[in-house]
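Data first, discussion second: the structure below is written as structure tokens.
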Amino acid sequence: EEDRKMNQKYDEIKTLPDGTKYIVHPSEILSGGPPKDGILSLDAPKFQPVNEADRWLNDEDLVLGLEYKGVARAYPHRILNWHEIVNDKINGERVLITYCPLCRTGIAFKPIVNGQEVEFGTSGKLYNSELVMYDRLTDSYWPQTLGKAVVGPATGQVLEKIPLDTIMWEDWKKVHPDTEVLRKETGFLRNYDHNPYASIQN
């Protein structure tokens with residue numbers, strides 16, 4: 001019964017006086033501190049083999065492990081803490097990798113909006129203390145765990161999820177010795193050995 005009520009809560013599309021469509025009223029979506037794109041998504045990710053990644057990743061480091069279209073990839077939490085979103089491509093198909101450092105949830109999606117493959121970015125907003133993404137086609141807001149647009153032109157559209165594992169690096173590379181690993185040479189000056197959220201989480 002509770003699930004049914006919850007689903008209903010996120011089904012009804014309403015409209016603000018200015019014509020903006022919404023499921024979650026914009027007043028419930030709060031500033032997380034950084035501005036839009038203040039946390040920079042990785043839009044041109046580069047990868048390396050296991051032996052190179054082993055030079056800087058520890059066995060107990062957590063990664064998001066993706067196996068899709070015959071390709072295995074690992075996205076270390078160390079990098080995702082700083083970027084939260086990776087706009088990736090596998091065999092020419094867009095894949096959206098998302099990570100919320102506050103909830104520690106990693107979810108992958110097929111980023112299809114209005115029938116088009118699109119990039120996503122960080123909105124700088126939070127809903128229920130979780131990452132709110134925006135799509136770069138319609139500028140709509142998408143809370144990460146819902147995977148559904150809740151404010152803006154795309155409101156009501158849902159992203160299809162792709163299976164993703166949160167797993168220790170040691171265990172992922174054992175199962176996928178041919179995995180590709182997101183490089184820490186991202187093009188941005190960040191200290192990927194330091195977790196910017198450490199003081200919040202501990």
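Every chain in the structure tokens takes a letter, A first, then B, and so on in the order presented; its residues are numbered from 1, and the ligands are numbered from 1 following the presented order.
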
Near-segment 26-40 of chain A list (9 Å; only C-alpha atoms; drop same-chain fewer than 3 positions) as a ChimeraX atom specification
/A:22-23,43,82-85,121-129,131-132,134,150-151,188

- Query: Which polymer residues have any atom within 8 Å of an atom of Thr186 of chain A, counting only C-alpha atoms, with same-chain residues fewer than 6 positions away left out, as JSON, numbers by chain?
  - Reply: {"A": [42, 45, 46]}

task = Using only C-alpha atoms, determine which residues lie at most 10 Å from Lys110 of chain A, disregarding the query and same-chain residues fewer than 5 positions distant; provide the list as an NGL selection string.
result = :A and (93-97 or 117-118 or 158-162)

Export of prior selection with all heavy atoms as a compact mmCIF listing (two decimals), in the first residue's frame:
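In the end it all went to part_32.txt:
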```txt
# COMPACT_ATOMS: atom_id res chain seq x y z
N GLU A 93 27.30 3.56 -28.22
CA GLU A 93 26.03 3.84 -27.52
C GLU A 93 26.29 4.61 -26.23
O GLU A 93 27.16 4.24 -25.45
CB GLU A 93 25.33 2.52 -27.20
CG GLU A 93 23.96 2.71 -26.58
CD GLU A 93 23.30 1.38 -26.25
OE1 GLU A 93 23.34 0.46 -27.10
OE2 GLU A 93 22.75 1.26 -25.14
N ARG A 94 25.54 5.68 -26.03
CA ARG A 94 25.72 6.47 -24.81
C ARG A 94 25.30 5.69 -23.57
O ARG A 94 24.27 5.01 -23.55
CB ARG A 94 24.89 7.75 -24.86
CG ARG A 94 25.58 8.86 -25.59
CD ARG A 94 25.09 10.23 -25.14
NE ARG A 94 25.77 11.27 -25.89
CZ ARG A 94 26.99 11.70 -25.61
NH1 ARG A 94 27.66 11.18 -24.60
NH2 ARG A 94 27.56 12.64 -26.34
N VAL A 95 26.11 5.83 -22.52
CA VAL A 95 25.81 5.24 -21.22
C VAL A 95 26.03 6.33 -20.18
O VAL A 95 27.04 7.05 -20.24
CB VAL A 95 26.73 4.03 -20.94
CG1 VAL A 95 26.49 3.49 -19.55
CG2 VAL A 95 26.50 2.93 -21.97
N LEU A 96 25.11 6.45 -19.24
CA LEU A 96 25.21 7.46 -18.19
C LEU A 96 25.55 6.77 -16.87
O LEU A 96 24.79 5.94 -16.39
CB LEU A 96 23.87 8.20 -18.08
CG LEU A 96 23.71 9.20 -16.94
CD1 LEU A 96 24.67 10.37 -17.09
CD2 LEU A 96 22.26 9.70 -16.88
N ILE A 97 26.71 7.12 -16.32
CA ILE A 97 27.14 6.57 -15.03
C ILE A 97 26.95 7.66 -13.99
O ILE A 97 27.45 8.78 -14.15
CB ILE A 97 28.63 6.17 -15.06
CG1 ILE A 97 28.92 5.22 -16.24
CG2 ILE A 97 29.06 5.55 -13.73
CD1 ILE A 97 28.23 3.89 -16.18
N GLU A 117 19.67 10.38 -27.63
CA GLU A 117 20.75 10.15 -26.66
C GLU A 117 21.30 11.51 -26.26
O GLU A 117 21.67 12.33 -27.10
CB GLU A 117 21.88 9.33 -27.29
CG GLU A 117 21.53 7.88 -27.53
CD GLU A 117 22.76 7.05 -27.89
OE1 GLU A 117 23.77 7.64 -28.34
OE2 GLU A 117 22.73 5.83 -27.73
N VAL A 118 21.36 11.77 -24.95
CA VAL A 118 21.81 13.09 -24.49
C VAL A 118 22.81 12.97 -23.35
O VAL A 118 22.90 11.93 -22.70
CB VAL A 118 20.61 13.96 -24.03
CG1 VAL A 118 19.62 14.16 -25.16
CG2 VAL A 118 19.92 13.35 -22.83
N VAL A 158 11.13 8.53 -18.05
CA VAL A 158 11.92 7.66 -17.18
C VAL A 158 13.12 7.13 -17.96
O VAL A 158 12.99 6.78 -19.14
CB VAL A 158 11.06 6.47 -16.68
CG1 VAL A 158 11.88 5.54 -15.79
CG2 VAL A 158 9.84 6.99 -15.92
N LEU A 159 14.28 7.07 -17.29
CA LEU A 159 15.48 6.50 -17.90
C LEU A 159 15.54 5.00 -17.61
O LEU A 159 15.29 4.58 -16.47
CB LEU A 159 16.74 7.17 -17.33
CG LEU A 159 16.88 8.67 -17.54
CD1 LEU A 159 18.14 9.17 -16.86
CD2 LEU A 159 16.89 9.03 -19.02
N GLU A 160 15.89 4.23 -18.61
CA GLU A 160 16.06 2.78 -18.40
C GLU A 160 17.38 2.54 -17.69
O GLU A 160 18.43 3.06 -18.08
CB GLU A 160 16.05 2.07 -19.75
CG GLU A 160 16.14 0.55 -19.63
CD GLU A 160 16.18 -0.15 -20.98
OE1 GLU A 160 15.70 0.44 -21.99
OE2 GLU A 160 16.70 -1.28 -21.03
N LYS A 161 17.32 1.73 -16.62
CA LYS A 161 18.54 1.44 -15.86
C LYS A 161 19.35 0.33 -16.52
O LYS A 161 18.80 -0.54 -17.19
CB LYS A 161 18.20 1.05 -14.42
CG LYS A 161 17.65 2.20 -13.61
CD LYS A 161 17.38 1.81 -12.16
CE LYS A 161 16.84 3.01 -11.39
NZ LYS A 161 16.46 2.67 -10.02
N ILE A 162 20.67 0.39 -16.31
CA ILE A 162 21.60 -0.65 -16.77
C ILE A 162 22.24 -1.24 -15.51
O ILE A 162 22.65 -0.47 -14.62
CB ILE A 162 22.70 -0.05 -17.67
CG1 ILE A 162 22.07 0.59 -18.92
CG2 ILE A 162 23.72 -1.11 -18.08
CD1 ILE A 162 23.07 1.40 -19.74
```

- Query: What lies within 12 Å of Gly156 of chain A using only C-alpha atoms, ignoring chain neighbours under 3 positions off, as JSON, numbers by chain?
  - Reply: {"A": [7, 8, 9, 10, 11, 12, 13, 14, 21, 22, 23, 24, 113, 114, 140, 141, 142, 143, 146, 147, 148, 149, 150, 151, 152, 153, 159]}

The selected residues should be written to file as an mmCIF file, in the first residue's frame (atoms: N, CA, C and O atoms).
```cif
data_model
loop_
_atom_site.group_PDB
_atom_site.id
_atom_site.type_symbol
_atom_site.label_atom_id
_atom_site.label_comp_id
_atom_site.auth_asym_id
_atom_site.auth_seq_id
_atom_site.Cartn_x
_atom_site.Cartn_y
_atom_site.Cartn_z
ATOM 1 N N ASN A 7 4.347 5.482 -5.475
ATOM 2 C CA ASN A 7 4.353 5.543 -6.939
ATOM 3 C C ASN A 7 3.390 6.610 -7.446
ATOM 4 O O ASN A 7 3.688 7.327 -8.387
ATOM 5 N N GLN A 8 2.229 6.701 -6.796
ATOM 6 C CA GLN A 8 1.248 7.710 -7.206
ATOM 7 C C GLN A 8 1.824 9.111 -7.033
ATOM 8 O O GLN A 8 1.605 9.994 -7.859
ATOM 9 N N LYS A 9 2.586 9.286 -5.959
ATOM 10 C CA LYS A 9 3.187 10.595 -5.675
ATOM 11 C C LYS A 9 4.041 11.061 -6.859
ATOM 12 O O LYS A 9 4.111 12.256 -7.147
ATOM 13 N N TYR A 10 4.694 10.101 -7.513
ATOM 14 C CA TYR A 10 5.611 10.457 -8.603
ATOM 15 C C TYR A 10 4.994 10.228 -9.984
ATOM 16 O O TYR A 10 5.697 10.164 -10.981
ATOM 17 N N ASP A 11 3.663 10.067 -10.036
ATOM 18 C CA ASP A 11 2.995 9.859 -11.325
ATOM 19 C C ASP A 11 2.268 11.103 -11.815
ATOM 20 O O ASP A 11 2.168 11.348 -13.005
ATOM 21 N N GLU A 12 1.756 11.875 -10.878
ATOM 22 C CA GLU A 12 0.877 12.984 -11.264
ATOM 23 C C GLU A 12 1.694 14.178 -11.741
ATOM 24 O O GLU A 12 2.507 14.733 -10.995
ATOM 25 N N ILE A 13 1.476 14.578 -12.983
ATOM 26 C CA ILE A 13 2.179 15.731 -13.547
ATOM 27 C C ILE A 13 1.303 16.972 -13.384
ATOM 28 O O ILE A 13 0.138 16.989 -13.774
ATOM 29 N N LYS A 14 1.886 17.998 -12.766
ATOM 30 C CA LYS A 14 1.156 19.256 -12.540
ATOM 31 C C LYS A 14 1.875 20.370 -13.313
ATOM 32 O O LYS A 14 2.953 20.165 -13.858
ATOM 33 N N LYS A 21 6.157 22.264 -16.204
ATOM 34 C CA LYS A 21 5.611 20.972 -15.761
ATOM 35 C C LYS A 21 6.436 20.457 -14.580
ATOM 36 O O LYS A 21 7.657 20.628 -14.541
ATOM 37 N N TYR A 22 5.762 19.789 -13.633
ATOM 38 C CA TYR A 22 6.511 19.210 -12.515
ATOM 39 C C TYR A 22 5.753 18.048 -11.892
ATOM 40 O O TYR A 22 4.532 17.957 -11.988
ATOM 41 N N ILE A 23 6.514 17.153 -11.272
ATOM 42 C CA ILE A 23 5.960 16.102 -10.406
ATOM 43 C C ILE A 23 6.323 16.441 -8.962
ATOM 44 O O ILE A 23 5.526 16.319 -8.060
ATOM 45 N N VAL A 24 7.575 16.854 -8.748
ATOM 46 C CA VAL A 24 8.034 17.344 -7.444
ATOM 47 C C VAL A 24 8.075 18.871 -7.539
ATOM 48 O O VAL A 24 8.702 19.423 -8.450
ATOM 49 N N VAL A 113 16.313 10.905 -23.872
ATOM 50 C CA VAL A 113 15.307 11.926 -23.556
ATOM 51 C C VAL A 113 14.680 12.377 -24.875
ATOM 52 O O VAL A 113 15.399 12.690 -25.833
ATOM 53 N N ASN A 114 13.358 12.385 -24.923
ATOM 54 C CA ASN A 114 12.651 12.739 -26.174
ATOM 55 C C ASN A 114 13.148 11.899 -27.353
ATOM 56 O O ASN A 114 13.258 12.386 -28.483
ATOM 57 N N SER A 140 15.713 19.578 -17.896
ATOM 58 C CA SER A 140 14.818 19.083 -16.842
ATOM 59 C C SER A 140 15.641 18.497 -15.692
ATOM 60 O O SER A 140 16.795 18.109 -15.870
ATOM 61 N N TYR A 141 15.009 18.410 -14.511
ATOM 62 C CA TYR A 141 15.660 17.878 -13.312
ATOM 63 C C TYR A 141 15.292 16.404 -13.128
ATOM 64 O O TYR A 141 14.106 16.038 -13.212
ATOM 65 N N TRP A 142 16.309 15.593 -12.815
ATOM 66 C CA TRP A 142 16.125 14.153 -12.623
ATOM 67 C C TRP A 142 16.807 13.731 -11.312
ATOM 68 O O TRP A 142 18.040 13.625 -11.278
ATOM 69 N N PRO A 143 16.075 13.453 -10.233
ATOM 70 C CA PRO A 143 16.710 12.859 -9.045
ATOM 71 C C PRO A 143 17.289 11.484 -9.396
ATOM 72 O O PRO A 143 16.655 10.696 -10.100
ATOM 73 N N LEU A 146 15.345 8.058 -8.533
ATOM 74 C CA LEU A 146 14.087 7.950 -9.275
ATOM 75 C C LEU A 146 14.345 7.644 -10.745
ATOM 76 O O LEU A 146 13.592 6.904 -11.375
ATOM 77 N N GLY A 147 15.403 8.255 -11.309
ATOM 78 C CA GLY A 147 15.650 8.092 -12.740
ATOM 79 C C GLY A 147 14.501 8.612 -13.578
ATOM 80 O O GLY A 147 14.223 8.118 -14.670
ATOM 81 N N LYS A 148 13.832 9.635 -13.049
ATOM 82 C CA LYS A 148 12.639 10.172 -13.701
ATOM 83 C C LYS A 148 12.703 11.692 -13.651
ATOM 84 O O LYS A 148 13.120 12.265 -12.635
ATOM 85 N N ALA A 149 12.313 12.335 -14.746
ATOM 86 C CA ALA A 149 12.299 13.798 -14.760
ATOM 87 C C ALA A 149 11.134 14.292 -13.919
ATOM 88 O O ALA A 149 10.003 13.834 -14.073
ATOM 89 N N VAL A 150 11.431 15.237 -12.995
ATOM 90 C CA VAL A 150 10.387 15.700 -12.066
ATOM 91 C C VAL A 150 10.080 17.193 -12.195
ATOM 92 O O VAL A 150 9.090 17.665 -11.635
ATOM 93 N N VAL A 151 10.945 17.945 -12.890
ATOM 94 C CA VAL A 151 10.659 19.356 -13.172
ATOM 95 C C VAL A 151 11.172 19.659 -14.572
ATOM 96 O O VAL A 151 12.307 19.298 -14.904
ATOM 97 N N GLY A 152 10.356 20.335 -15.381
ATOM 98 C CA GLY A 152 10.826 20.750 -16.700
ATOM 99 C C GLY A 152 10.102 20.045 -17.832
ATOM 100 O O GLY A 152 9.204 19.220 -17.601
ATOM 101 N N PRO A 153 10.498 20.345 -19.078
ATOM 102 C CA PRO A 153 9.782 19.828 -20.255
ATOM 103 C C PRO A 153 9.719 18.304 -20.340
ATOM 104 O O PRO A 153 8.769 17.760 -20.898
ATOM 105 N N LEU A 159 14.276 7.074 -17.287
ATOM 106 C CA LEU A 159 15.481 6.501 -17.903
ATOM 107 C C LEU A 159 15.540 5.004 -17.608
ATOM 108 O O LEU A 159 15.290 4.581 -16.473
#
```

Can you list, as a list in words, all residues belonging to segment 7-197 of chain A that DSSP tags as helix (DSSP H, G or I)? Asn7, Gln8, Lys9, Pro26, Ser27, Glu28, Val50, Asn51, Glu52, Ala53, His77, Arg78, Ile79, Leu80, Asn81, Trp82, His83, Trp169, Glu170, Asp171, Trp172, Lys173, Lys174 and Val175 of chain A

Could you turn the residues from that selection into a file that holds N, CA and C atoms, as a compact mmCIF listing (two decimals), in the first residue's frame?
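Okay, part_12.txt is ready:
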```txt
# COMPACT_ATOMS: atom_id res chain seq x y z
N ASN A 7 4.35 5.48 -5.47
CA ASN A 7 4.35 5.54 -6.94
C ASN A 7 3.39 6.61 -7.45
N GLN A 8 2.23 6.70 -6.80
CA GLN A 8 1.25 7.71 -7.21
C GLN A 8 1.82 9.11 -7.03
N LYS A 9 2.59 9.29 -5.96
CA LYS A 9 3.19 10.60 -5.67
C LYS A 9 4.04 11.06 -6.86
N PRO A 26 9.15 22.52 -7.42
CA PRO A 26 10.52 23.05 -7.41
C PRO A 26 10.99 23.53 -6.03
N SER A 27 10.04 23.92 -5.17
CA SER A 27 10.44 24.38 -3.82
C SER A 27 11.01 23.24 -2.97
N GLU A 28 10.76 21.99 -3.37
CA GLU A 28 11.29 20.83 -2.62
C GLU A 28 12.69 20.45 -3.09
N VAL A 50 44.16 -2.85 -16.38
CA VAL A 50 44.30 -3.19 -14.96
C VAL A 50 45.70 -2.88 -14.44
N ASN A 51 46.73 -3.26 -15.20
CA ASN A 51 48.09 -3.11 -14.66
C ASN A 51 48.44 -1.64 -14.41
N GLU A 52 47.89 -0.74 -15.23
CA GLU A 52 48.14 0.69 -15.00
C GLU A 52 47.31 1.21 -13.83
N ALA A 53 46.07 0.75 -13.74
CA ALA A 53 45.20 1.21 -12.65
C ALA A 53 45.72 0.74 -11.30
N HIS A 77 35.29 5.05 -7.14
CA HIS A 77 34.65 6.06 -6.28
C HIS A 77 35.55 7.27 -6.11
N ARG A 78 36.86 7.03 -6.06
CA ARG A 78 37.81 8.13 -5.85
C ARG A 78 37.63 9.25 -6.86
N ILE A 79 37.30 8.87 -8.09
CA ILE A 79 37.09 9.88 -9.14
C ILE A 79 35.65 10.38 -9.10
N LEU A 80 34.71 9.45 -8.88
CA LEU A 80 33.30 9.83 -8.89
C LEU A 80 32.93 10.76 -7.74
N ASN A 81 33.66 10.70 -6.63
CA ASN A 81 33.42 11.64 -5.53
C ASN A 81 33.51 13.08 -6.01
N TRP A 82 34.35 13.33 -7.00
CA TRP A 82 34.60 14.69 -7.49
C TRP A 82 33.72 15.07 -8.68
N HIS A 83 33.19 14.09 -9.40
CA HIS A 83 32.52 14.40 -10.66
C HIS A 83 31.05 13.94 -10.72
N TRP A 169 37.70 -3.11 -5.78
CA TRP A 169 38.55 -3.22 -6.96
C TRP A 169 39.15 -4.61 -7.08
N GLU A 170 39.61 -5.17 -5.96
CA GLU A 170 40.23 -6.50 -5.96
C GLU A 170 39.27 -7.55 -6.54
N ASP A 171 37.99 -7.46 -6.14
CA ASP A 171 37.03 -8.47 -6.59
C ASP A 171 36.62 -8.25 -8.05
N TRP A 172 36.49 -6.99 -8.45
CA TRP A 172 36.09 -6.70 -9.84
C TRP A 172 37.15 -7.18 -10.82
N LYS A 173 38.42 -6.90 -10.53
CA LYS A 173 39.47 -7.25 -11.50
C LYS A 173 39.70 -8.76 -11.56
N LYS A 174 39.36 -9.48 -10.47
CA LYS A 174 39.46 -10.95 -10.51
C LYS A 174 38.46 -11.51 -11.51
N VAL A 175 37.24 -10.98 -11.46
CA VAL A 175 36.17 -11.48 -12.34
C VAL A 175 36.36 -10.93 -13.77
```
